[in-house]
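Worksheet: one structure, shown below.
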Amino acid sequence: MRYDAAIIGAGAEGLAAAALLAGAGVKTIVVERSERAGGRATTREFHPGFRASPFADELPPIPADIHWALDLSRRGAIFRPAPTSTAIWPDRQSLLRARESGASSVHSFLRNAAERASDLRARATHDSNRAPQRSFFSRPAVPASWPCEDWMAASLAEVLAREIGDPDMEAHLAAAALRGWVADPFLPGSALHLLSLQRSGTVTGGLATLADALVSAAREAGAEISLGRDATDIRHAKGRVSGIGLADGSEIEARAVISTLDLKRTFLSFFQWNALPKEIVQAVGAFRMAGTTARVLFALDTVLPGAKRGAIYVAPDLEQLAAANSAWRSGTIAAHLPVALRVADDPSLAPAGSAVVTATFGAVPYRLFDGAWTREKRDALRKQALAALESAIPGASAHVVAAEVIAPPDIEEALGATDGDLAGGEIAADQMLSAGPWPDFPFPRSPFKGLYLAGSWLAMGATCAAGAAVARIVALDLAKGALK
Amino acid sequence: MSGDAIVVGAGVNGLVAATYLARAGRKVLVLEAKDRLGGACQTTWFASSFRGPAIAHALTALDPRVVAELKLARRGLKFAVRDMPLVALRADGKHLTNGRDLRATARNIAVHSRADAETWPRFRRELFELARRMRPLWWSDGKSEIPSEIARLRRLSLAAWLDSRFESDAVKAALAGDAASLSPLAPGSSLLLLWRAAQEMCGLQGAAAIPLGGPGALVDALTAAAKIAGVEFRSGAHVSDIRVKDGAASGVVLDSGDEIPANVVLASFSRAGLLATKAGRTALGFSESVALERGVSPAASAKVMLALNAPPAFNGVAVPLRGRFLLADRLETFVAAHAASRAGRVPQELVLEVVVPTAGDPELAPLGQHVVSIRIGPLPRHVAGGWDAAKTPLAAKAVAALDRCASGLARHVVAAQVLTPDDIAARYGAEDSCAVTVERLLSDWSSRIRTPIKGLFLCSAASEPVDAVSGRAGRIAATLALREGAAK
Amino acid sequence: MKTPLVRATPFHARAAAANLENAWVLRNGVTLASFYSDANSEALAARLRVAMADISWRRRIMLEGARAVEFLSKLVTRDAAKLSPGTSFKALWLSDGGGVRGADAIARYGRESFLLVVSAPDLDWIESSAAAYDVKLRDMNDEGGIAIVGPYAHATVEAAQLTADLEPLAFRKLSWRGIDVTLSRFGEHGGYEIWCAPDDGTVVWDRIARAGESFGLEPAGVDAMDVLDLEAGIARPGLDYEPARDGHASEPSPVALGLESLIDPDHQSFNGRTAYLAAREREPMRLAGIEIHSDIPAPFTPLLLKGRAVGHTLCSMWSPSLRRAIALAQIDVSAFAPGTKLTLTLPPSRAVRELRTAEARVVALPFLKVPDSIAP
């Protein structure tokens, strides 16, 4: 069967791209290895009766225009912004909302961070609809200048100290910016993590509802979604792609192939290494992945009525974050990993009278210096999460009836994310403040004609944005006849 | 324009600036606060009958134009060692000697990794070529064109760059040793390696050299050149303020209260030092003043000088004694050292740079005996409990680390001198140094040398992109002063 | 500086009662009436009779300290030492690179205390710069301010029994029938300003409303005052242009904003002077006024001379006094002579569904000259 576009991976990005492409009249098929679509927008029963999203409780917000274009509300995906988060120390507490006595409003700082993030995405994808607003005094910009370049030379601690001026709130924000990630907050360049301070949110009924809504949008637009089919290689000839080969021996011919997997996985899994030109090999080899996230899911046999909603950061501390970074770099699990807890506030996730609590760890290495991820190592994570739960909500740990640990290798296996890296690449200045490793082929393009990459860090700050950006460009290329 | 010129500070840059001004016909007076000239560039008697380099022990960045134009060779500047190979000492004895012969170095590297040995010649060539292309940014005094690679390099961390090319810790650590002032993880730290590779000593790119007689010999040659050009010196004269009239420099004020008029003043202050004067406070902008006051505190270093009664004998493979020795195991050692220094702690694993000046200059010590100069850094500027208490443990740790690579060394030590960051600041006035940042590496000369006060130019070590003995700042300050000089 | 995020002015109760369409706008974190009945008639009232406007959104900061004069000398572009207590002047303050950060009034209250009126918030920078001089900042934002503007402003103030023998740019603290107020004449529109404590807001409003009744006094909303400011040809920071916020910014330059008159050429020690002097030769843009014989153009609309872009509009409004659309614009020095004819494009509107070109003519600023005062 011949298609115009074939998309590998039916996660949020792939489904959004499929829906938009099919809506523009492009014959589209999505192939997905697992039996369920959704990628990380999924909810799983980890213990009889208890459900949780294994990889993240919240997703970054979906840009409004994509929300309307895909009619997601009508399809049942009601996106609820996350409640303000809390940071708890043994003797005090701070809530992430504007403080009247602070030196500057936390809200305006967060809004500023979100604006910069969207400027950065716009620049990376040359999205003229969302081009950064220039102050009307700007002269033609020097081409090399990128949004957020000042954050590249600044450390997280320094920017927070300058903008906030309240040590507790600074530690709270640093922990929020690094939730699930890792960095030394005192090192220049760590300020880039402020870009992940988004007003993320959940979907009523669990993240799987979002996946269902996207599948419905894609199918209604005319895209074909093929589950349970494993793509094994991307067929190409003379520098341009011609389709996808699948594990069952079949082949899909397509003029454009969109990969929603990260850069490394795309090239390492779907191509023969020796068939790739040298500059691709070098760039892919030099591209750095950083698996840092681990999750622990708890099922409790009681409700926790007094617990704060939203993320709970347990005793955030800048020095502790720096120490966790050192430990991560040397492949060990720090004694005090940065952790964020969340008591699920969606009643559909647990039976009546019970609760689900999730813990998100950052600074968890994919590769441990002393070998594999054994049961002991996973247990160590479980114990740390339990201790954090107990210190945040005294007495809660006694009610835990089941726990599941999801370590970076598990994330890799489930999502096809190299090294378990949920960001699609290390969050570093040279990898982020650039339109990709090939200056002549800015994201989402690649040196292969017809191959588009939607699995980059662009998805980090906004769900479905990378997919939408790719869809736009692929539709344009197809319309221009560039992919005959 | 003619008029008197005053140079404040007789460090290398001050001497260079004074000589250039005098050769162009100005009447120049150099005011030095201490009793001896040379600033941080000294050869001192650190033990009876042993001399050694006080702070900088190998020259890597002396501007070749200064050497040529001031005819320093004729004034007595000779070199004991011209092209010191870098020797990365490894605990297992498989030391890595990195010299100018690419193939010999590659053979050395092959012991650690065949792939790295194959990559080495290509990498070295690319590094030097890229560094040469960056030179206009760092060497010229006009508006320089920024090479297009800058956009990528200013974001690239040294660790990322080295990790993408090499696999062995030995090679990566050896290269990082030349860029130790910044954490290898900082974006833009790759520029520091390029800066080092862009320098030229004795006609060789990226070389390190030791003057015959130690760094003091450089100062002697510069002083001679200055005196021949007619420069006047006054020592024991500390300048406390600059006199400004109508936005232009009109002289300096000494601690004693005396005022000396001049309409060109070249000062060895950093911008933070300028802020400390009343004139600077008025002239520097608010944002710059606030930023300077908040400024990143520079990484500090310590010096240990050992007098040995026998030559140091390194275990393992043979290494040239005339090399520059680096003790740092992996890239992580540098990362951890910077993180510890930032937190105010002495790093668990010290990063050491060691030089044996007597290998090329036997006159520094009695016959058969040797001097070993150790530079320890990065270190925190202040430690909990104070440096006085931490002094001896630090020195012991450094010597122990060296002893592991050269067993028996500790037993041959007959005398030692330890200079902590406090000592260095007190003795050599290096308090005024400025943190190396990527911004500084990319800034152009005029933002570092010009001031809002007409006729006042800064030519301290902080006016260079990296704190290093080079004389370039002095030369450029003098050029700017002659070109723009004072008001009519 | 600690301020609550959103607040109502001391006159809010009265303003709400008069705000017939419940039209409010936020400026500097303060809720103000956008218009009370109709912006055009309020602007005309201010030109022909007398109007009163809530100007509490102008932030007032008291700078106090032994070295306040020294700090201010460096901060603003005119010499604060020459200011005598009880008077004020208007000046700019620039960032290190010569870019305009603010342009407003500075009043001297005493030997060591000055009042700074700031239209666009820049307090963090001023505070951090003042710290080095041991100058303390005191926020006077709780106070409410009323501007009384128009030919009969003086008459109104007299009728309200406020002694009104004040020179332009002077101010005085008075006790006015039991309440403490500050009466000043800082404004550009030849009127008076009254500043009072938050609790006295309604009293002040009522007294002035009653005093001005016989002269036809009307409350004027923010829109009307903006028209007046535009007619006076003054670009306002934060509203008409984006002031420099980066410490080393060199834009916007005073030349490009027509603000050079606020810089005293003999004052040598202000922040950013070297950069400003170096840049002014090279600055190609100038501030000019244009009249458009059509609808109001959008901000930043390019202006064309014979098809070549020579500048752009800043803010534009309909001036009821001049009965035409006027705009402030930045135009290249080659094309800003009064009388030059330019073209611009107007966006589609509900009435006209397509792009139109319109003609504009450069005029000298100010659009309207206001006499200092007209006694009744």
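Residue numbering restarts at 1 in every chain; chains get A, B, ... in the order shown in the structure tokens, and ligands count up from 1 in that same order.
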Tell me, as number ranges by chain, which residues lie within 12 Å of Ala15 of chain C, counting only C-alpha atoms; anything in the same chain fewer than 2 positions away does not count. C: 8-13, 17-24, 31-37, 52-54, 146, 201-202, 205-206, 209, 218-222
Give the residues of chain B that lie within 7 Å of chain A; count only C-alpha atoms, and format the answer as a count of residues only. 7
Those in segment 13-134 of chain A with helix (DSSP H, G or I) from DSSP, as JSON, numbers by chain: {"A": [13, 14, 15, 16, 17, 18, 19, 20, 21, 22, 23, 64, 65, 66, 67, 68, 69, 106, 107, 108, 109, 110, 111, 112, 113, 114, 115, 116, 117, 118, 119, 120, 121, 122, 123, 124, 125, 128, 129, 130]}
Selection to disk with N, CA, C and O atoms, as a compact mmCIF listing (two decimals), in the first residue's frame:
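Done, and the output landed in selection-v2.txt:
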```txt
# COMPACT_ATOMS: atom_id res chain seq x y z
N GLU A 13 2.66 12.84 20.03
CA GLU A 13 3.19 13.57 18.88
C GLU A 13 2.79 12.91 17.57
O GLU A 13 2.36 13.57 16.63
N GLY A 14 2.94 11.59 17.53
CA GLY A 14 2.61 10.88 16.30
C GLY A 14 1.13 11.00 15.97
O GLY A 14 0.76 11.21 14.82
N LEU A 15 0.29 10.88 16.99
CA LEU A 15 -1.14 10.96 16.74
C LEU A 15 -1.54 12.36 16.31
O LEU A 15 -2.36 12.54 15.41
N ALA A 16 -0.96 13.36 16.95
CA ALA A 16 -1.29 14.73 16.57
C ALA A 16 -0.85 14.98 15.13
O ALA A 16 -1.59 15.57 14.33
N ALA A 17 0.34 14.53 14.79
CA ALA A 17 0.82 14.72 13.42
C ALA A 17 -0.10 14.02 12.45
O ALA A 17 -0.46 14.56 11.39
N ALA A 18 -0.52 12.79 12.79
CA ALA A 18 -1.40 12.03 11.91
C ALA A 18 -2.72 12.76 11.71
O ALA A 18 -3.22 12.88 10.59
N ALA A 19 -3.29 13.24 12.81
CA ALA A 19 -4.59 13.91 12.72
C ALA A 19 -4.48 15.15 11.83
O ALA A 19 -5.33 15.40 10.97
N LEU A 20 -3.42 15.92 12.03
CA LEU A 20 -3.29 17.16 11.25
C LEU A 20 -2.98 16.88 9.79
O LEU A 20 -3.48 17.54 8.90
N LEU A 21 -2.14 15.88 9.55
CA LEU A 21 -1.80 15.56 8.17
C LEU A 21 -3.00 15.03 7.43
O LEU A 21 -3.32 15.44 6.31
N ALA A 22 -3.68 14.07 8.08
CA ALA A 22 -4.85 13.49 7.41
C ALA A 22 -5.89 14.56 7.18
O ALA A 22 -6.56 14.59 6.14
N GLY A 23 -6.03 15.46 8.14
CA GLY A 23 -6.98 16.55 7.97
C GLY A 23 -6.63 17.44 6.80
O GLY A 23 -7.50 18.08 6.20
N ALA A 64 -3.05 25.97 22.46
CA ALA A 64 -4.48 26.18 22.25
C ALA A 64 -4.92 25.90 20.81
O ALA A 64 -5.97 25.31 20.59
N ASP A 65 -4.13 26.33 19.85
CA ASP A 65 -4.60 26.16 18.47
C ASP A 65 -4.68 24.68 18.09
O ASP A 65 -5.58 24.28 17.34
N ILE A 66 -3.78 23.88 18.63
CA ILE A 66 -3.86 22.44 18.33
C ILE A 66 -5.06 21.83 19.04
O ILE A 66 -5.77 20.97 18.50
N HIS A 67 -5.31 22.32 20.26
CA HIS A 67 -6.46 21.84 21.02
C HIS A 67 -7.74 22.06 20.23
O HIS A 67 -8.59 21.16 20.12
N TRP A 68 -7.89 23.25 19.69
CA TRP A 68 -9.11 23.53 18.92
C TRP A 68 -9.11 22.78 17.60
O TRP A 68 -10.13 22.24 17.19
N ALA A 69 -7.96 22.73 16.96
CA ALA A 69 -7.92 22.09 15.65
C ALA A 69 -8.31 20.63 15.75
O ALA A 69 -8.96 20.07 14.88
N VAL A 106 6.28 35.39 41.71
CA VAL A 106 6.68 34.10 41.13
C VAL A 106 5.90 33.86 39.84
O VAL A 106 6.43 33.33 38.89
N HIS A 107 4.65 34.30 39.84
CA HIS A 107 3.83 34.10 38.65
C HIS A 107 4.43 34.78 37.43
O HIS A 107 4.45 34.20 36.35
N SER A 108 4.88 36.02 37.60
CA SER A 108 5.39 36.70 36.42
C SER A 108 6.69 36.04 35.97
O SER A 108 6.98 35.97 34.79
N PHE A 109 7.43 35.51 36.92
CA PHE A 109 8.65 34.81 36.55
C PHE A 109 8.32 33.56 35.75
O PHE A 109 8.92 33.26 34.72
N LEU A 110 7.31 32.82 36.22
CA LEU A 110 6.92 31.60 35.51
C LEU A 110 6.38 31.92 34.14
O LEU A 110 6.65 31.21 33.17
N ARG A 111 5.62 33.02 34.06
CA ARG A 111 5.08 33.39 32.76
C ARG A 111 6.21 33.75 31.82
O ARG A 111 6.22 33.38 30.64
N ASN A 112 7.19 34.45 32.33
CA ASN A 112 8.35 34.81 31.53
C ASN A 112 9.09 33.57 31.04
O ASN A 112 9.49 33.47 29.87
N ALA A 113 9.23 32.58 31.93
CA ALA A 113 9.92 31.34 31.53
C ALA A 113 9.13 30.65 30.43
O ALA A 113 9.70 30.14 29.46
N ALA A 114 7.79 30.62 30.59
CA ALA A 114 6.98 29.95 29.57
C ALA A 114 7.07 30.67 28.23
O ALA A 114 7.13 30.04 27.17
N GLU A 115 7.11 32.00 28.27
CA GLU A 115 7.23 32.76 27.02
C GLU A 115 8.54 32.48 26.34
O GLU A 115 8.62 32.32 25.13
N ARG A 116 9.61 32.42 27.12
CA ARG A 116 10.92 32.14 26.53
C ARG A 116 10.94 30.76 25.90
O ARG A 116 11.53 30.54 24.85
N ALA A 117 10.29 29.81 26.60
CA ALA A 117 10.27 28.45 26.07
C ALA A 117 9.56 28.44 24.73
O ALA A 117 10.00 27.78 23.78
N SER A 118 8.46 29.18 24.64
CA SER A 118 7.74 29.15 23.37
C SER A 118 8.50 29.90 22.29
O SER A 118 8.49 29.52 21.12
N ASP A 119 9.23 30.95 22.66
CA ASP A 119 10.09 31.63 21.69
C ASP A 119 11.14 30.67 21.17
O ASP A 119 11.45 30.65 19.98
N LEU A 120 11.72 29.89 22.07
CA LEU A 120 12.78 28.97 21.68
C LEU A 120 12.25 27.93 20.72
O LEU A 120 12.87 27.62 19.70
N ARG A 121 11.04 27.41 21.01
CA ARG A 121 10.47 26.41 20.12
C ARG A 121 10.18 27.03 18.77
O ARG A 121 10.42 26.41 17.72
N ALA A 122 9.65 28.25 18.80
CA ALA A 122 9.33 28.92 17.54
C ALA A 122 10.60 29.09 16.72
O ALA A 122 10.63 28.86 15.51
N ARG A 123 11.65 29.51 17.35
CA ARG A 123 12.91 29.71 16.63
C ARG A 123 13.42 28.41 16.07
O ARG A 123 13.92 28.34 14.96
N ALA A 124 13.31 27.34 16.85
CA ALA A 124 13.85 26.08 16.39
C ALA A 124 13.08 25.54 15.20
O ALA A 124 13.64 24.87 14.36
N THR A 125 11.80 25.82 15.16
CA THR A 125 11.03 25.28 14.04
C THR A 125 10.68 26.36 13.03
O THR A 125 9.87 26.12 12.13
N SER A 128 6.50 30.63 11.74
CA SER A 128 6.25 32.06 11.58
C SER A 128 4.98 32.49 12.28
O SER A 128 4.82 33.65 12.60
N ASN A 129 4.08 31.57 12.56
CA ASN A 129 2.87 31.96 13.27
C ASN A 129 3.17 32.39 14.69
O ASN A 129 2.49 33.20 15.27
N ARG A 130 4.18 31.77 15.26
CA ARG A 130 4.48 32.10 16.64
C ARG A 130 5.87 32.71 16.74
O ARG A 130 6.58 32.47 17.68
```
As a list in words, please: the residues near Val436 of chain B (cut-off 9 Å, only C-alpha atoms, same-chain neighbours under 2 positions excluded).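 Returned residues: Ser181, Leu182, Pro298, Ala299, Cys434, Val438, Glu439, Arg440, Leu441, Ala462, Pro465, Val466 and Asp467 of chain B.
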Could you tell me how far atom CA of Phe46 of chain A lies from atom CA of Thr332 of chain A, in Å and to one decimal?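 Atom-to-atom, atom CA of Phe46 of chain A to atom CA of Thr332 of chain A, that is 27.0 Å.
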Can you pull out the residues contacting segment 323-340 of chain C? Cut-off 8 Å, using only C-alpha atoms, and skip same-chain residues under 2 positions away; I want them as a VMD selection string. chain C and resid 230 to 231 233 235 256 to 257 284 to 296 303 305 310 to 321 342 361 to 364
Hey, which of B:Leu254, B:Ala73, B:Phe166, B:Leu158 ends up closest to Arg122 of chain B? Count only C-alpha atoms.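 Going through B:Leu254, B:Ala73, B:Phe166, B:Leu158 one by one, the smallest distance to Arg122 of chain B is for B:Phe166.
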Exercise answer, chain C residues close to chain A, 12 Å and only C-alpha atoms, as a PyMOL selection string: chain C and resi 1-6+99-100+121+123-125+127-128+238+240-246+249-253+256-257+283-285+299-302+311-315+329-330
Sorted by chain and rising residue number, list the residues of chain B at most 10 Å from chain C (counting only C-alpha atoms), each with its closest atom pair and distance in Å to one decimal, as a Markdown table.
```
| residue | atom | partner | partner_atom | distance |
| --- | --- | --- | --- | --- |
| B:Asp246 | CA | C:Gln268 | CA | 7.2 |
| B:Gly247 | CA | C:Gln268 | CA | 7.0 |
| B:Arg281 | CA | C:Ala132 | CA | 9.3 |
| B:Thr282 | CA | C:Ser269 | CA | 7.0 |
| B:Ala283 | CA | C:Ser269 | CA | 7.1 |
| B:Leu284 | CA | C:Asn271 | CA | 7.6 |
| B:Gly285 | CA | C:Asp96 | CA | 4.7 |
| B:Phe286 | CA | C:Ser129 | CA | 5.5 |
| B:Ser287 | CA | C:Gly247 | CA | 4.9 |
| B:Glu288 | CA | C:Asp96 | CA | 7.2 |
| B:Ser289 | CA | C:Ser129 | CA | 7.9 |
| B:Val290 | CA | C:Ser129 | CA | 6.6 |
| B:Ala291 | CA | C:Gly247 | CA | 9.3 |
| B:Glu293 | CA | C:Ala132 | CA | 9.4 |
| B:Thr451 | CA | C:Thr274 | CA | 9.5 |
| B:Pro452 | CA | C:Thr274 | CA | 6.1 |
| B:Ile453 | CA | C:Thr274 | CA | 8.5 |
| B:Lys454 | CA | C:Thr274 | CA | 9.3 |
```
Quick one: residues within 12 Å of Ile62 of chain A, only C-alpha atoms counted, chain neighbours fewer than 2 positions away excluded, as an MDAnalysis selection string? chainID A and resid 12:13 16 58:60 64:73 77:81 118 198:203 210 214 459:468
Selected residue of minimal separation from Leu116 of chain C among C:Ala160, C:Ile61, C:Leu83, C:Pro348, counting only C-alpha atoms: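 For Leu116 of chain C, the nearest of the given residues is C:Ile61.
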Looking at B:Arg103, B:Arg90, B:Arg324, B:Arg483, which one is nearest to His57 of chain B, with distances taken over only C-alpha atoms?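 Of B:Arg103, B:Arg90, B:Arg324, B:Arg483, the one nearest His57 of chain B is B:Arg324, counting only C-alpha atoms.
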Got a sec to tell me which of segment 88-297 of chain C DSSP assigns to strand (DSSP E), as number ranges by chain? C: 88-94, 100-108, 113-118, 136-139, 144-149, 171-176, 179-184, 192-196, 218-220, 285-292
Write to file, as an mmCIF file, in the first residue's frame, the residues of the selection just made, with C-alpha atoms.
```cif
data_model
loop_
_atom_site.group_PDB
_atom_site.id
_atom_site.type_symbol
_atom_site.label_atom_id
_atom_site.label_comp_id
_atom_site.auth_asym_id
_atom_site.auth_seq_id
_atom_site.Cartn_x
_atom_site.Cartn_y
_atom_site.Cartn_z
ATOM 1 C CA SER C 88 10.974 69.748 40.231
ATOM 2 C CA PHE C 89 12.244 69.063 36.776
ATOM 3 C CA LYS C 90 11.749 66.385 34.190
ATOM 4 C CA ALA C 91 14.696 64.259 33.217
ATOM 5 C CA LEU C 92 15.652 60.876 31.807
ATOM 6 C CA TRP C 93 17.602 58.054 33.242
ATOM 7 C CA LEU C 94 19.615 55.801 30.984
ATOM 8 C CA VAL C 100 16.350 55.230 27.877
ATOM 9 C CA ARG C 101 15.030 53.501 30.963
ATOM 10 C CA GLY C 102 12.633 56.151 32.178
ATOM 11 C CA ALA C 103 11.596 59.731 31.696
ATOM 12 C CA ASP C 104 9.723 61.470 34.452
ATOM 13 C CA ALA C 105 9.658 64.119 37.093
ATOM 14 C CA ILE C 106 12.096 64.457 39.944
ATOM 15 C CA ALA C 107 11.029 66.695 42.817
ATOM 16 C CA ARG C 108 13.169 67.829 45.702
ATOM 17 C CA SER C 113 15.176 63.653 49.980
ATOM 18 C CA PHE C 114 13.850 63.510 46.478
ATOM 19 C CA LEU C 115 10.727 62.197 44.904
ATOM 20 C CA LEU C 116 11.001 60.222 41.713
ATOM 21 C CA VAL C 117 7.876 59.744 39.631
ATOM 22 C CA VAL C 118 8.117 56.596 37.532
ATOM 23 C CA LYS C 136 16.871 54.228 50.774
ATOM 24 C CA LEU C 137 13.807 53.972 48.604
ATOM 25 C CA ARG C 138 10.408 54.510 50.105
ATOM 26 C CA ASP C 139 7.365 53.562 48.136
ATOM 27 C CA GLY C 144 -3.806 58.740 45.469
ATOM 28 C CA GLY C 145 -3.333 61.390 42.845
ATOM 29 C CA ILE C 146 -5.796 63.523 40.936
ATOM 30 C CA ALA C 147 -4.826 65.671 38.000
ATOM 31 C CA ILE C 148 -6.915 68.738 37.293
ATOM 32 C CA VAL C 149 -6.407 69.731 33.718
ATOM 33 C CA PHE C 171 4.918 71.660 44.683
ATOM 34 C CA ARG C 172 3.871 72.248 48.238
ATOM 35 C CA LYS C 173 2.513 70.270 51.124
ATOM 36 C CA LEU C 174 -0.655 71.802 52.474
ATOM 37 C CA SER C 175 -3.306 71.231 55.031
ATOM 38 C CA TRP C 176 -6.559 71.543 53.206
ATOM 39 C CA ILE C 179 -6.597 66.780 55.377
ATOM 40 C CA ASP C 180 -2.948 66.742 54.341
ATOM 41 C CA VAL C 181 -2.312 66.927 50.632
ATOM 42 C CA THR C 182 0.533 67.779 48.292
ATOM 43 C CA LEU C 183 -0.357 70.226 45.547
ATOM 44 C CA SER C 184 1.945 70.266 42.548
ATOM 45 C CA TYR C 192 -2.470 70.826 38.920
ATOM 46 C CA GLU C 193 -2.044 67.559 40.737
ATOM 47 C CA ILE C 194 -3.285 66.775 44.208
ATOM 48 C CA TRP C 195 -1.765 63.854 46.128
ATOM 49 C CA CYS C 196 -3.453 62.590 49.229
ATOM 50 C CA GLU C 218 -15.828 66.109 34.147
ATOM 51 C CA PRO C 219 -13.919 63.066 35.311
ATOM 52 C CA ALA C 220 -11.606 61.904 32.532
ATOM 53 C CA MET C 285 15.626 57.668 13.609
ATOM 54 C CA ARG C 286 13.816 60.674 14.989
ATOM 55 C CA LEU C 287 10.501 61.124 16.702
ATOM 56 C CA ALA C 288 7.901 62.890 14.641
ATOM 57 C CA GLY C 289 4.172 63.395 14.588
ATOM 58 C CA ILE C 290 1.975 62.354 11.718
ATOM 59 C CA GLU C 291 -1.582 63.140 10.836
ATOM 60 C CA ILE C 292 -3.472 60.493 8.987
#
```
